[in-house]
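So this one's query.csv, CSV, C-alpha atoms and all ligand atoms:
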```csv
chain,number,residue,atom,x,y,z
Q,16,MET,CA,7.0,57.1,337.8
Q,17,ARG,CA,4.5,58.0,340.4
Q,18,THR,CA,1.7,59.4,338.2
Q,19,LEU,CA,-1.6,61.1,339.1
Q,20,VAL,CA,-4.4,61.0,336.6
Q,21,THR,CA,-7.3,63.4,337.4
Q,22,GLY,CA,-10.4,62.2,335.6
Q,23,GLY,CA,-8.9,58.8,335.4
Q,24,ALA,CA,-12.3,57.0,335.8
Q,25,GLY,CA,-13.6,58.7,332.7
Q,26,TYR,CA,-13.6,57.5,329.1
Q,27,ILE,CA,-10.1,58.8,328.0
Q,28,GLY,CA,-8.7,58.8,331.5
Q,29,SER,CA,-9.3,55.1,332.1
Q,30,HIS,CA,-7.6,54.2,328.8
Q,31,LEU,CA,-4.7,56.4,329.8
Q,32,VAL,CA,-4.5,54.5,333.1
Q,33,ASP,CA,-4.4,51.2,331.2
Q,34,ALA,CA,-1.5,52.5,329.1
Q,35,LEU,CA,0.4,54.0,332.0
Q,36,LEU,CA,0.2,50.7,333.9
Q,37,GLY,CA,1.5,48.9,330.9
Q,38,LEU,CA,4.5,51.2,330.9
Q,39,GLY,CA,5.1,50.5,334.6
Q,40,HIS,CA,3.9,53.7,336.1
Q,41,ASP,CA,2.7,53.7,339.7
Q,42,VAL,CA,-0.8,55.2,339.1
Q,43,THR,CA,-3.2,57.2,341.4
Q,44,VAL,CA,-6.6,58.3,340.0
Q,45,LEU,CA,-8.5,61.3,341.4
Q,46,ASP,CA,-12.0,61.4,340.2
Q,47,ASP,CA,-15.4,62.5,341.6
Q,48,LEU,CA,-17.3,60.0,339.4
Q,49,SER,CA,-19.6,62.8,338.1
Q,50,THR,CA,-19.4,61.5,334.5
Q,51,GLY,CA,-16.8,58.8,335.0
Q,52,SER,CA,-17.4,55.4,336.4
Q,53,ARG,CA,-15.7,53.1,338.8
Q,54,SER,CA,-16.3,50.2,336.5
Q,55,ASN,CA,-13.9,51.8,334.0
Q,56,ILE,CA,-11.0,51.1,336.4
Q,57,GLY,CA,-12.6,48.6,338.7
Q,58,ARG,CA,-10.4,45.7,337.7
Q,59,HIS,CA,-7.2,47.7,338.5
Q,60,VAL,CA,-8.7,48.9,341.8
Q,61,ASP,CA,-9.8,45.4,342.8
Q,62,ALA,CA,-6.3,44.0,341.9
Q,63,GLY,CA,-4.6,46.7,344.0
Q,64,ALA,CA,-2.8,47.9,340.8
Q,65,ILE,CA,-3.8,51.5,341.3
Q,66,ASP,CA,-4.9,53.9,344.1
Q,67,PHE,CA,-8.3,55.3,343.5
Q,68,VAL,CA,-9.3,58.5,345.3
Q,69,GLU,CA,-12.9,59.5,345.0
Q,70,GLY,CA,-12.8,63.3,345.4
Q,71,SER,CA,-12.9,66.6,343.5
Q,72,ILE,CA,-10.2,68.7,341.9
Q,73,LEU,CA,-12.1,71.6,343.5
Q,74,ASP,CA,-10.7,70.5,346.9
Q,75,PRO,CA,-7.3,72.2,347.1
Q,76,ASP,CA,-6.0,70.2,350.1
Q,77,LEU,CA,-6.9,66.9,348.5
Q,78,VAL,CA,-5.3,67.9,345.2
Q,79,ASP,CA,-2.2,69.0,347.0
Q,80,GLN,CA,-2.0,65.8,349.0
Q,81,TYR,CA,-1.8,63.7,345.9
Q,82,VAL,CA,0.1,66.1,343.6
Q,83,SER,CA,2.9,66.5,346.2
Q,84,THR,CA,3.6,62.8,346.2
Q,85,SER,CA,3.6,62.5,342.4
Q,86,GLU,CA,6.3,63.0,339.8
Q,87,LEU,CA,3.9,63.4,336.8
Q,88,VAL,CA,0.3,64.6,336.5
Q,89,PHE,CA,-2.2,64.0,333.7
Q,90,HIS,CA,-5.0,66.5,334.2
Q,91,LEU,CA,-8.1,65.3,332.4
Q,92,ALA,CA,-10.8,65.9,335.0
Q,93,ALA,CA,-13.4,68.3,333.5
Q,94,ALA,CA,-17.0,68.9,332.8
Q,95,VAL,CA,-17.1,67.5,329.3
Q,96,GLY,CA,-19.3,67.7,326.3
Q,97,VAL,CA,-21.2,70.5,324.7
Q,98,LYS,CA,-24.6,69.2,325.8
Q,99,PHE,CA,-23.4,69.1,329.5
Q,100,ILE,CA,-22.1,72.7,329.2
Q,101,VAL,CA,-25.3,74.0,327.7
Q,102,ASP,CA,-27.4,72.3,330.4
Q,103,GLU,CA,-25.1,73.1,333.3
Q,104,PRO,CA,-23.2,76.2,332.4
Q,105,LEU,CA,-22.2,77.4,335.8
Q,106,ALA,CA,-21.0,74.1,337.3
Q,107,SER,CA,-19.1,73.3,334.1
Q,108,LEU,CA,-17.4,76.7,334.1
Q,109,LEU,CA,-16.3,76.4,337.7
Q,110,THR,CA,-15.0,72.9,337.3
Q,111,ASN,CA,-13.1,73.7,334.1
Q,112,THR,CA,-11.5,77.0,335.4
Q,113,ARG,CA,-11.3,76.8,339.2
Q,114,GLY,CA,-10.4,73.0,339.2
Q,115,THR,CA,-7.7,73.5,336.7
Q,116,GLU,CA,-6.3,76.5,338.6
Q,117,ILE,CA,-6.1,74.3,341.7
Q,118,VAL,CA,-4.3,71.5,339.9
Q,119,LEU,CA,-1.9,73.7,338.0
Q,120,GLY,CA,-1.2,75.8,341.1
Q,121,SER,CA,-0.4,72.7,343.1
Q,122,CYS,CA,1.9,71.3,340.3
Q,123,HIS,CA,3.8,74.6,340.2
Q,124,ALA,CA,4.1,74.8,344.0
Q,125,ASN,CA,5.4,71.2,344.2
Q,126,GLY,CA,7.6,71.2,341.0
Q,127,VAL,CA,5.6,68.4,339.4
Q,128,ARG,CA,5.3,68.1,335.6
Q,129,VAL,CA,1.8,68.2,334.2
Q,130,LEU,CA,-0.1,67.5,331.0
Q,131,LEU,CA,-3.3,69.5,330.4
Q,132,ALA,CA,-6.1,67.9,328.3
Q,133,SER,CA,-7.6,70.6,326.2
Q,134,THR,CA,-9.9,70.5,323.2
Q,135,SER,CA,-10.4,71.3,319.5
Q,136,GLU,CA,-13.4,73.4,320.8
Q,137,VAL,CA,-10.8,76.0,321.6
Q,138,TYR,CA,-10.7,76.9,317.9
Q,139,GLY,CA,-14.4,77.8,318.0
Q,140,LYS,CA,-16.2,78.2,314.6
Q,141,THR,CA,-13.3,79.3,312.5
Q,142,SER,CA,-13.6,78.4,308.8
Q,143,LYS,CA,-9.9,78.1,308.3
Q,144,VAL,CA,-9.0,74.4,308.0
Q,145,PRO,CA,-6.9,72.6,308.9
Q,146,PHE,CA,-6.6,74.1,312.4
Q,147,GLU,CA,-3.0,74.9,313.4
Q,148,GLU,CA,-2.2,75.3,317.0
Q,149,ASP,CA,-1.3,79.0,316.7
Q,150,ASP,CA,-4.4,79.9,314.6
Q,151,ASP,CA,-6.8,82.6,315.7
Q,152,ARG,CA,-9.8,81.5,317.7
Q,153,VAL,CA,-13.2,82.5,316.4
Q,154,LEU,CA,-16.0,82.4,318.9
Q,155,GLY,CA,-19.6,83.4,319.2
Q,156,PRO,CA,-21.1,85.7,321.8
Q,157,THR,CA,-21.0,85.0,325.6
Q,158,THR,CA,-24.8,84.7,325.5
Q,159,ILE,CA,-24.4,81.4,323.8
Q,160,HIS,CA,-23.4,78.9,326.5
Q,161,ARG,CA,-21.8,76.5,324.1
Q,162,TRP,CA,-18.7,78.9,323.8
Q,163,GLY,CA,-18.2,78.7,327.6
Q,164,TYR,CA,-16.5,75.3,327.2
Q,165,SER,CA,-14.1,76.7,324.6
Q,166,THR,CA,-13.5,79.8,326.7
Q,167,ALA,CA,-12.8,77.9,329.9
Q,168,LYS,CA,-10.4,75.5,328.2
Q,169,ALA,CA,-8.6,78.4,326.5
Q,170,PHE,CA,-8.4,80.1,329.9
Q,171,ASP,CA,-6.8,76.8,331.2
Q,172,GLU,CA,-4.3,76.9,328.4
Q,173,HIS,CA,-3.4,80.6,329.1
Q,174,LEU,CA,-3.0,79.7,332.8
Q,175,ALA,CA,-0.8,76.7,331.9
Q,176,LEU,CA,1.4,78.8,329.6
Q,177,ALA,CA,1.7,81.6,332.2
Q,178,TYR,CA,2.8,79.0,334.8
Q,179,ALA,CA,5.3,77.7,332.2
Q,180,ASP,CA,6.8,81.1,332.2
Q,181,LYS,CA,7.3,80.7,335.9
Q,182,GLY,CA,9.0,77.4,335.5
Q,183,LEU,CA,6.2,74.8,335.4
Q,184,GLU,CA,6.8,71.9,333.1
Q,185,VAL,CA,3.5,71.7,331.3
Q,186,SER,CA,2.3,70.4,328.0
Q,187,ILE,CA,-1.1,70.9,326.4
Q,188,VAL,CA,-2.9,68.6,324.1
Q,189,ARG,CA,-6.0,69.5,322.1
Q,190,TYR,CA,-8.2,66.4,321.4
Q,191,PHE,CA,-10.3,66.0,318.3
Q,192,ASN,CA,-13.4,63.9,318.8
Q,193,SER,CA,-12.0,60.8,320.5
Q,194,TYR,CA,-14.1,57.7,320.3
Q,195,GLY,CA,-13.8,54.0,321.3
Q,196,PRO,CA,-14.8,51.5,324.0
Q,197,ARG,CA,-16.1,53.0,327.3
Q,198,LEU,CA,-17.8,55.9,325.7
Q,199,ASP,CA,-20.7,56.9,327.9
Q,200,PRO,CA,-23.5,54.4,327.1
Q,201,ARG,CA,-26.0,57.2,327.5
Q,202,GLY,CA,-24.4,58.6,324.4
Q,203,TYR,CA,-24.1,61.9,326.3
Q,204,GLY,CA,-21.9,64.2,324.3
Q,205,SER,CA,-20.7,61.5,321.9
Q,206,VAL,CA,-22.2,61.3,318.5
Q,207,VAL,CA,-20.5,57.9,317.9
Q,208,ALA,CA,-22.1,56.4,321.0
Q,209,ASN,CA,-25.5,57.9,320.1
Q,210,PHE,CA,-25.5,56.5,316.6
Q,211,ILE,CA,-24.4,53.0,317.8
Q,212,ARG,CA,-27.1,52.9,320.5
Q,213,GLN,CA,-29.8,54.1,318.1
Q,214,SER,CA,-28.7,51.7,315.4
Q,215,ILE,CA,-28.7,48.7,317.7
Q,216,ALA,CA,-32.1,49.7,319.1
Q,217,GLY,CA,-33.5,50.2,315.6
Q,218,GLU,CA,-34.5,53.7,316.6
Q,219,PRO,CA,-34.2,56.6,314.2
Q,220,ILE,CA,-30.6,57.9,314.1
Q,221,THR,CA,-30.8,61.6,314.9
Q,222,VAL,CA,-28.4,63.8,313.0
Q,223,HIS,CA,-28.3,67.4,314.1
Q,224,GLY,CA,-28.3,70.1,311.4
Q,225,ASP,CA,-27.9,69.0,307.8
Q,226,GLY,CA,-25.3,66.3,308.5
Q,227,ARG,CA,-22.7,67.9,306.2
Q,228,GLN,CA,-20.7,69.3,309.2
Q,229,THR,CA,-17.5,67.3,309.5
Q,230,ARG,CA,-15.3,66.0,312.3
Q,231,CYS,CA,-12.1,64.0,312.6
Q,232,PHE,CA,-13.0,60.9,314.7
Q,233,THR,CA,-9.9,59.7,316.5
Q,234,TYR,CA,-9.7,56.3,318.0
Q,235,VAL,CA,-9.0,56.3,321.7
Q,236,ASP,CA,-5.7,54.3,321.5
Q,237,ASP,CA,-4.3,57.0,319.3
Q,238,THR,CA,-5.6,59.7,321.6
Q,239,VAL,CA,-3.9,58.0,324.5
Q,240,ALA,CA,-0.6,57.3,322.7
Q,241,GLY,CA,-0.3,61.0,321.9
Q,242,THR,CA,-1.2,61.9,325.5
Q,243,VAL,CA,1.4,59.7,327.0
Q,244,ALA,CA,4.0,61.0,324.6
Q,245,ALA,CA,3.2,64.6,325.3
Q,246,GLY,CA,3.4,64.0,329.0
Q,247,ILE,CA,6.8,62.4,329.0
Q,248,THR,CA,8.6,64.2,326.1
Q,249,ASP,CA,10.8,67.1,327.1
Q,250,ALA,CA,10.3,68.9,323.8
Q,251,ALA,CA,6.5,69.0,324.4
Q,252,MET,CA,6.9,71.2,327.5
Q,253,GLY,CA,5.4,74.7,327.0
Q,254,ARG,CA,3.8,73.6,323.8
Q,255,VAL,CA,0.2,73.2,322.6
Q,256,ILE,CA,-0.3,70.1,320.4
Q,257,ASN,CA,-3.2,68.9,318.3
Q,258,LEU,CA,-4.1,65.2,318.7
Q,259,GLY,CA,-6.5,64.0,316.1
Q,260,THR,CA,-6.7,62.1,312.9
Q,261,THR,CA,-7.0,64.0,309.6
Q,262,GLU,CA,-9.6,61.6,308.2
Q,263,GLU,CA,-12.6,64.0,307.8
Q,264,THR,CA,-16.1,62.5,308.1
Q,265,ALA,CA,-19.4,64.2,307.6
Q,266,ILE,CA,-21.9,63.4,310.4
Q,267,GLY,CA,-24.5,62.2,308.0
Q,268,ASP,CA,-22.0,59.8,306.5
Q,269,LEU,CA,-21.0,58.6,309.9
Q,270,ALA,CA,-24.6,57.8,310.7
Q,271,ALA,CA,-25.0,55.7,307.5
Q,272,THR,CA,-21.7,53.9,308.0
Q,273,ILE,CA,-22.5,52.9,311.6
Q,274,ARG,CA,-26.0,51.8,310.6
Q,275,ASP,CA,-24.7,49.7,307.8
Q,276,MET,CA,-21.9,48.2,309.9
Q,277,ILE,CA,-24.5,47.2,312.5
Q,278,GLY,CA,-26.9,45.9,309.8
Q,279,SER,CA,-29.6,48.1,311.2
Q,280,SER,CA,-32.8,49.2,309.5
Q,281,SER,CA,-32.9,52.5,311.4
Q,282,ASP,CA,-33.9,55.6,309.5
Q,283,ILE,CA,-31.7,58.6,309.6
Q,284,SER,CA,-33.5,61.7,310.6
Q,285,TYR,CA,-32.3,65.3,310.5
Q,286,ALA,CA,-33.3,67.6,313.3
Q,287,PRO,CA,-32.5,71.3,313.8
Q,288,TYR,CA,-29.8,71.9,316.5
Q,289,GLU,CA,-32.3,73.9,318.5
Q,290,ASP,CA,-34.4,70.8,319.2
Q,291,TYR,CA,-31.5,69.3,321.2
Q,292,TYR,CA,-29.5,72.3,322.4
Q,293,GLY,CA,-32.1,75.0,322.7
Q,294,SER,CA,-32.4,78.2,320.8
Q,295,GLY,CA,-29.4,80.2,319.5
Q,296,PHE,CA,-27.0,77.2,319.2
Q,297,GLU,CA,-24.0,77.7,316.9
Q,298,ASP,CA,-21.8,75.0,315.5
Q,299,THR,CA,-18.5,74.4,313.9
Q,300,ARG,CA,-18.8,73.4,310.2
Q,301,ARG,CA,-15.5,71.6,309.6
Q,302,ARG,CA,-13.1,70.6,312.3
Q,303,VAL,CA,-9.8,69.2,311.0
Q,304,PRO,CA,-6.4,69.2,312.8
Q,305,GLU,CA,-3.0,70.0,311.4
Q,306,ILE,CA,-0.8,67.4,313.0
Q,307,GLY,CA,2.7,68.3,311.9
Q,308,ARG,CA,3.6,69.4,315.4
Q,309,ALA,CA,2.6,66.2,317.0
Q,310,SER,CA,4.5,64.3,314.3
Q,311,SER,CA,7.7,66.3,314.7
Q,312,LEU,CA,7.7,66.7,318.5
Q,313,LEU,CA,6.2,63.4,319.5
Q,314,GLN,CA,6.8,61.2,316.5
Q,315,TRP,CA,3.0,60.6,316.8
Q,316,GLU,CA,0.7,59.7,314.1
Q,317,PRO,CA,-2.8,58.2,314.3
Q,318,LYS,CA,-2.8,54.6,313.3
Q,319,VAL,CA,-6.4,53.4,313.5
Q,320,ARG,CA,-8.7,54.2,310.5
Q,321,LEU,CA,-12.3,55.1,311.2
Q,322,ARG,CA,-13.8,51.8,310.0
Q,323,GLU,CA,-11.4,49.7,312.1
Q,324,GLY,CA,-12.0,51.9,315.2
Q,325,LEU,CA,-15.8,51.7,314.7
Q,326,GLU,CA,-15.6,47.9,314.4
Q,327,ARG,CA,-13.8,47.7,317.7
Q,328,THR,CA,-16.2,50.1,319.3
Q,329,ILE,CA,-19.3,48.3,318.1
Q,330,ALA,CA,-17.8,45.0,319.2
Q,331,TRP,CA,-17.3,46.4,322.7
Q,332,TRP,CA,-20.8,47.8,322.7
Q,333,ARG,CA,-22.3,44.5,321.8
Q,334,GLU,CA,-20.2,42.7,324.5
Q,335,THR,CA,-21.2,45.2,327.3
Q,336,HIS,CA,-24.7,46.2,326.3
Q,337,GLY,CA,-26.0,43.1,324.5
H,1,LIG,N1,-13.7,62.9,324.4
H,1,LIG,C1,-13.3,63.8,323.6
H,1,LIG,O1,-13.4,63.7,322.4
H,1,LIG,C2,-12.6,65.0,324.1
H,1,LIG,C3,-12.4,66.1,323.2
H,1,LIG,C4,-11.7,67.2,323.6
H,1,LIG,C5,-11.3,67.3,325.0
H,1,LIG,N2,-11.5,66.3,325.8
H,1,LIG,C6,-11.0,66.4,327.2
H,1,LIG,O2,-10.5,65.2,327.6
H,1,LIG,C7,-10.7,65.1,329.1
H,1,LIG,C8,-11.4,63.7,329.3
H,1,LIG,O3,-12.6,63.7,328.7
H,1,LIG,P1,-13.5,62.4,328.5
H,1,LIG,O4,-14.0,62.5,327.1
H,1,LIG,O5,-12.7,61.2,328.9
H,1,LIG,O6,-14.8,62.7,329.4
H,1,LIG,P2,-15.2,62.0,330.8
H,1,LIG,O7,-16.4,62.8,331.2
H,1,LIG,O8,-15.4,60.5,330.6
H,1,LIG,O9,-14.0,62.3,331.7
H,1,LIG,C9,-13.9,63.4,332.6
H,1,LIG,C10,-13.7,62.8,334.0
H,1,LIG,O10,-13.5,63.9,334.9
H,1,LIG,C11,-14.2,63.5,336.1
H,1,LIG,N3,-14.5,64.8,336.8
H,1,LIG,C12,-15.4,65.8,336.4
H,1,LIG,N4,-15.4,66.8,337.3
H,1,LIG,C13,-14.5,66.4,338.3
H,1,LIG,C14,-14.1,67.0,339.5
H,1,LIG,N5,-14.6,68.2,339.9
H,1,LIG,N6,-13.1,66.4,340.2
H,1,LIG,C15,-12.7,65.2,339.9
H,1,LIG,N7,-13.0,64.5,338.7
H,1,LIG,C16,-13.9,65.2,338.0
H,1,LIG,C17,-15.4,62.8,335.6
H,1,LIG,O11,-16.0,62.0,336.6
H,1,LIG,C18,-14.8,62.0,334.5
H,1,LIG,O12,-14.4,60.7,335.0
H,1,LIG,C19,-11.5,66.3,329.5
H,1,LIG,O13,-10.6,67.2,330.0
H,1,LIG,C20,-12.1,66.8,328.2
H,1,LIG,O14,-12.3,68.2,328.2
H,1,LIG,C21,-12.2,65.1,325.4
```

In C-alpha cells, how does this file's structure come out?
Ligand SMILES: NC(=O)c1ccc[n+]([C@@H]2O[C@H](COP(=O)([O-])OP(=O)(O)OC[C@H]3O[C@@H](n4cnc5c(N)ncnc54)[C@H](O)[C@@H]3O)[C@@H](O)[C@H]2O)c1
Amino acid sequence: MRTLVTGGAGYIGSHLVDALLGLGHDVTVLDDLSTGSRSNIGRHVDAGAIDFVEGSILDPDLVDQYVSTSELVFHLAAAVGVKFIVDEPLASLLTNTRGTEIVLGSCHANGVRVLLASTSEVYGKTSKVPFEEDDDRVLGPTTIHRWGYSTAKAFDEHLALAYADKGLEVSIVRYFNSYGPRLDPRGYGSVVANFIRQSIAGEPITVHGDGRQTRCFTYVDDTVAGTVAAGITDAAMGRVINLGTTEETAIGDLAATIRDMIGSSSDISYAPYEDYYGSGFEDTRRRVPEIGRASSLLQWEPKVRLREGLERTIAWWRETHG
C-alpha cells in the first residue's frame, strides 16, 4: 500500500516505518523534524526506500498533496510530552489540534483511511484502574497547562469520530508509555531515557514526586505491532483502542531497576514535581490499561516484558551514546 506516516522521523514513527517497509508498504514520511530526527530514518532515505518530506502538518496544501496520493495514513505527528506542553503550551495546542484537523480533513476529502495516535493522557487523573476506553475522563482545571495535551488529543479523537460518522475510515489508538531504542537522548519527556542517561553518567537519578506513582511501560515493538494492526484491520475502524502492557511499575522501582541493570552507583533522589514542571502541577497516580479490546479486535497482546525491553534499550543506548 502507498502509506503516509506523519511524524515518521520521530521515536515511534520511525519504528513504524521500519515495520511498514518490512510488510512491503510504499512509505512516505512527512515530518518537520521539530522533535524527530533525520537519523532515525536516514538509512531508508539514503537507500531510496522511502520518500521523506520535511514539512509541517500545519501546511494544508502540502498535507493534501501527500494524502491524496496515499491509500493509508498513520497520523503520529504531534507536539509530544508533558514537559514540552508545559513549556510551550500555545505551539503544542495548535500543532495537536489544527494539525490533526488538517490531516483528518484531507483524509476525509480524499477517501483515505487513517489511524490517529492518541494517548493514555486522555484519561487524565482518574483513580479508576484499569482504564477502559469508554471510561469517564477526569481532568484538572484549564489553568494547569499539563491538561492541554490531554484536551487536545481528546479533541482530536472527537474530530476523528465525527468524521467517522461522515464516512471516514479512522481508528484511534491510545499509547501507554512507550519506550525503546531511539528515545530522545535528551530524555525529554521520557522517564526511561532520563534514568538510563543519569545512571550511565553516574549522576543522581531524579524521581519526581514520591516515586510510588505507577506506569505501564510498553516496549516499542509492541506499540508498533498494535499500531499496524489497528491501521489495517477493518474491525478497528471507528474504534478507540488502548495499546499498553498491563505490567505496572512504580517510578521509584523503575529507577532502581535501571540503575542496577546498568551497574551504576547513582543515588536516587526524590524531587517535588514543582521543581521540574513549575507550580500547580498535577499528576496521574496509577495508569494501567484494560487491553481486552485490543486483544479481541486486533489479536494483539504485548510480548516484551519490562526487563527484556530495558535490556534492549540500554544496549542500544550504549551502542549509540557510548
Ligand atoms: N511515546 C509515548 O509513550 C507516547 C504516548 C502517548 C502518545 N504518543 C503519541 O505518539 C505519537 C508519536 O510520539 P513519539 O513518542 O514518537 O514522539 P516524537 O516527538 O518522537 O514524534 C513526534 C514527531 O512528530 C513530528 N512533528 C511535530 N510537529 C510536527 C508538525 N507540525 N509537522 C510535522 N511533523 C511534526 C516531530 O518532529 C516528531 O518526529 C504522538 O502523536 C504522541 O502524541 C506517544

Please, which residues in chain Q fall within 6 Å of ligand LIG 1 (chain H) when counting only C-alpha atoms and all ligand atoms, and what is the closest atom pair and distance in Å to one decimal for each, ordered by chain then residue number, as JSON lines?
```
{"residue": "Q:Thr21", "atom": "CA", "partner": "H:LIG1", "partner_atom": "N7", "distance": 5.9}
{"residue": "Q:Gly22", "atom": "CA", "partner": "H:LIG1", "partner_atom": "O10", "distance": 3.6}
{"residue": "Q:Gly23", "atom": "CA", "partner": "H:LIG1", "partner_atom": "O12", "distance": 5.8}
{"residue": "Q:Ala24", "atom": "CA", "partner": "H:LIG1", "partner_atom": "O12", "distance": 4.3}
{"residue": "Q:Gly25", "atom": "CA", "partner": "H:LIG1", "partner_atom": "O12", "distance": 3.2}
{"residue": "Q:Tyr26", "atom": "CA", "partner": "H:LIG1", "partner_atom": "O8", "distance": 3.8}
{"residue": "Q:Ile27", "atom": "CA", "partner": "H:LIG1", "partner_atom": "O5", "distance": 3.7}
{"residue": "Q:Gly28", "atom": "CA", "partner": "H:LIG1", "partner_atom": "O5", "distance": 5.3}
{"residue": "Q:Leu45", "atom": "CA", "partner": "H:LIG1", "partner_atom": "C15", "distance": 5.9}
{"residue": "Q:Asp46", "atom": "CA", "partner": "H:LIG1", "partner_atom": "N7", "distance": 3.6}
{"residue": "Q:Asp47", "atom": "CA", "partner": "H:LIG1", "partner_atom": "C15", "distance": 4.2}
{"residue": "Q:Leu48", "atom": "CA", "partner": "H:LIG1", "partner_atom": "O11", "distance": 3.7}
{"residue": "Q:Ser49", "atom": "CA", "partner": "H:LIG1", "partner_atom": "O11", "distance": 4.0}
{"residue": "Q:Thr50", "atom": "CA", "partner": "H:LIG1", "partner_atom": "O11", "distance": 4.0}
{"residue": "Q:Gly51", "atom": "CA", "partner": "H:LIG1", "partner_atom": "O12", "distance": 3.1}
{"residue": "Q:Gly70", "atom": "CA", "partner": "H:LIG1", "partner_atom": "C15", "distance": 5.8}
{"residue": "Q:Ser71", "atom": "CA", "partner": "H:LIG1", "partner_atom": "N6", "distance": 3.3}
{"residue": "Q:Ile72", "atom": "CA", "partner": "H:LIG1", "partner_atom": "N6", "distance": 4.1}
{"residue": "Q:Leu73", "atom": "CA", "partner": "H:LIG1", "partner_atom": "N5", "distance": 5.5}
{"residue": "Q:Leu91", "atom": "CA", "partner": "H:LIG1", "partner_atom": "O13", "distance": 4.0}
{"residue": "Q:Ala92", "atom": "CA", "partner": "H:LIG1", "partner_atom": "O10", "distance": 3.4}
{"residue": "Q:Ala93", "atom": "CA", "partner": "H:LIG1", "partner_atom": "C12", "distance": 4.3}
{"residue": "Q:Ala94", "atom": "CA", "partner": "H:LIG1", "partner_atom": "C12", "distance": 5.0}
{"residue": "Q:Val95", "atom": "CA", "partner": "H:LIG1", "partner_atom": "O14", "distance": 5.0}
{"residue": "Q:Thr110", "atom": "CA", "partner": "H:LIG1", "partner_atom": "N5", "distance": 5.4}
{"residue": "Q:Ala132", "atom": "CA", "partner": "H:LIG1", "partner_atom": "O13", "distance": 4.9}
{"residue": "Q:Ser133", "atom": "CA", "partner": "H:LIG1", "partner_atom": "C5", "distance": 5.1}
{"residue": "Q:Thr134", "atom": "CA", "partner": "H:LIG1", "partner_atom": "C4", "distance": 3.8}
{"residue": "Q:Ser135", "atom": "CA", "partner": "H:LIG1", "partner_atom": "C4", "distance": 5.9}
{"residue": "Q:Tyr190", "atom": "CA", "partner": "H:LIG1", "partner_atom": "C4", "distance": 4.2}
{"residue": "Q:Phe191", "atom": "CA", "partner": "H:LIG1", "partner_atom": "C3", "distance": 5.3}
{"residue": "Q:Asn192", "atom": "CA", "partner": "H:LIG1", "partner_atom": "O1", "distance": 3.6}
{"residue": "Q:Ser193", "atom": "CA", "partner": "H:LIG1", "partner_atom": "O1", "distance": 3.7}
```

Selection to disk with C-alpha atoms, as an mmCIF file, keeping the file's coordinate frame:
```
data_model
loop_
_atom_site.group_PDB
_atom_site.id
_atom_site.type_symbol
_atom_site.label_atom_id
_atom_site.label_comp_id
_atom_site.auth_asym_id
_atom_site.auth_seq_id
_atom_site.Cartn_x
_atom_site.Cartn_y
_atom_site.Cartn_z
ATOM 1 C CA THR Q 21 -7.300 63.400 337.400
ATOM 2 C CA GLY Q 22 -10.400 62.200 335.600
ATOM 3 C CA GLY Q 23 -8.900 58.800 335.400
ATOM 4 C CA ALA Q 24 -12.300 57.000 335.800
ATOM 5 C CA GLY Q 25 -13.600 58.700 332.700
ATOM 6 C CA TYR Q 26 -13.600 57.500 329.100
ATOM 7 C CA ILE Q 27 -10.100 58.800 328.000
ATOM 8 C CA GLY Q 28 -8.700 58.800 331.500
ATOM 9 C CA LEU Q 45 -8.500 61.300 341.400
ATOM 10 C CA ASP Q 46 -12.000 61.400 340.200
ATOM 11 C CA ASP Q 47 -15.400 62.500 341.600
ATOM 12 C CA LEU Q 48 -17.300 60.000 339.400
ATOM 13 C CA SER Q 49 -19.600 62.800 338.100
ATOM 14 C CA THR Q 50 -19.400 61.500 334.500
ATOM 15 C CA GLY Q 51 -16.800 58.800 335.000
ATOM 16 C CA GLY Q 70 -12.800 63.300 345.400
ATOM 17 C CA SER Q 71 -12.900 66.600 343.500
ATOM 18 C CA ILE Q 72 -10.200 68.700 341.900
ATOM 19 C CA LEU Q 73 -12.100 71.600 343.500
ATOM 20 C CA LEU Q 91 -8.100 65.300 332.400
ATOM 21 C CA ALA Q 92 -10.800 65.900 335.000
ATOM 22 C CA ALA Q 93 -13.400 68.300 333.500
ATOM 23 C CA ALA Q 94 -17.000 68.900 332.800
ATOM 24 C CA VAL Q 95 -17.100 67.500 329.300
ATOM 25 C CA THR Q 110 -15.000 72.900 337.300
ATOM 26 C CA ALA Q 132 -6.100 67.900 328.300
ATOM 27 C CA SER Q 133 -7.600 70.600 326.200
ATOM 28 C CA THR Q 134 -9.900 70.500 323.200
ATOM 29 C CA SER Q 135 -10.400 71.300 319.500
ATOM 30 C CA TYR Q 190 -8.200 66.400 321.400
ATOM 31 C CA PHE Q 191 -10.300 66.000 318.300
ATOM 32 C CA ASN Q 192 -13.400 63.900 318.800
ATOM 33 C CA SER Q 193 -12.000 60.800 320.500
#
```

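Near Ile159 of chain Q, within 10 Å and counting only C-alpha atoms, sit Val101, Leu154, Gly155, Pro156, Trp162, Gly163, Ser294, Gly295, Phe296 and Glu297 of chain Q; same-chain residues fewer than 3 positions away were not included.
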
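When all atoms listed in the file are used to measure the gap to Gly337 of chain Q, the shortest distance among Q:Leu19, Q:Ile215, Q:Arg53, Q:Gly267 belongs to Q:Ile215.
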
Could you give me, as a PyMOL selection string, the residues within 10 Å of Gly324 of chain Q, counting all atoms listed in the file and dropping anything in the same chain fewer than 2 positions from it? chain Q and resi 194-196+232-236+318-322+326-330

Would you list the contacts of Leu131 of chain Q as a PyMOL selection string, taking every protein, DNA or RNA residue within 10 Å and counting only C-alpha atoms, but skipping same-chain residues closer than 3 positions in sequence? chain Q and resi 88-92+115+118-119+134+168+171-172+175+185-189+242+245-246+255

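Across Q:Leu269, Q:Ala34, Q:Val97, Q:Val82, the tightest approach to Asp237 of chain Q is made by Q:Ala34 when counting only C-alpha atoms.
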
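Between Val78 of chain Q and the residues Q:Ala169, Q:Val243, Q:Cys122, Q:Cys231, the shortest atom-to-atom distance, using all atoms listed in the file, involves Q:Cys122.
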
Give me, please, the distance in Å between atom CA of Glu218 of chain Q and atom CA of Ser281 of chain Q, quoted to one decimal. 5.6 Å

Excluding Ala179 of chain Q and its own-chain neighbours fewer than 5 positions away, which residues fall within 10 Å of it when counting all atoms listed in the file? Please give them as an mmCIF file with C-alpha atoms, in the frame of the given file.
```
data_model
loop_
_atom_site.group_PDB
_atom_site.id
_atom_site.type_symbol
_atom_site.label_atom_id
_atom_site.label_comp_id
_atom_site.auth_asym_id
_atom_site.auth_seq_id
_atom_site.Cartn_x
_atom_site.Cartn_y
_atom_site.Cartn_z
ATOM 1 C CA HIS Q 123 3.800 74.600 340.200
ATOM 2 C CA HIS Q 173 -3.400 80.600 329.100
ATOM 3 C CA LEU Q 174 -3.000 79.700 332.800
ATOM 4 C CA GLU Q 184 6.800 71.900 333.100
ATOM 5 C CA VAL Q 185 3.500 71.700 331.300
ATOM 6 C CA SER Q 186 2.300 70.400 328.000
ATOM 7 C CA MET Q 252 6.900 71.200 327.500
ATOM 8 C CA GLY Q 253 5.400 74.700 327.000
ATOM 9 C CA ARG Q 254 3.800 73.600 323.800
#
```
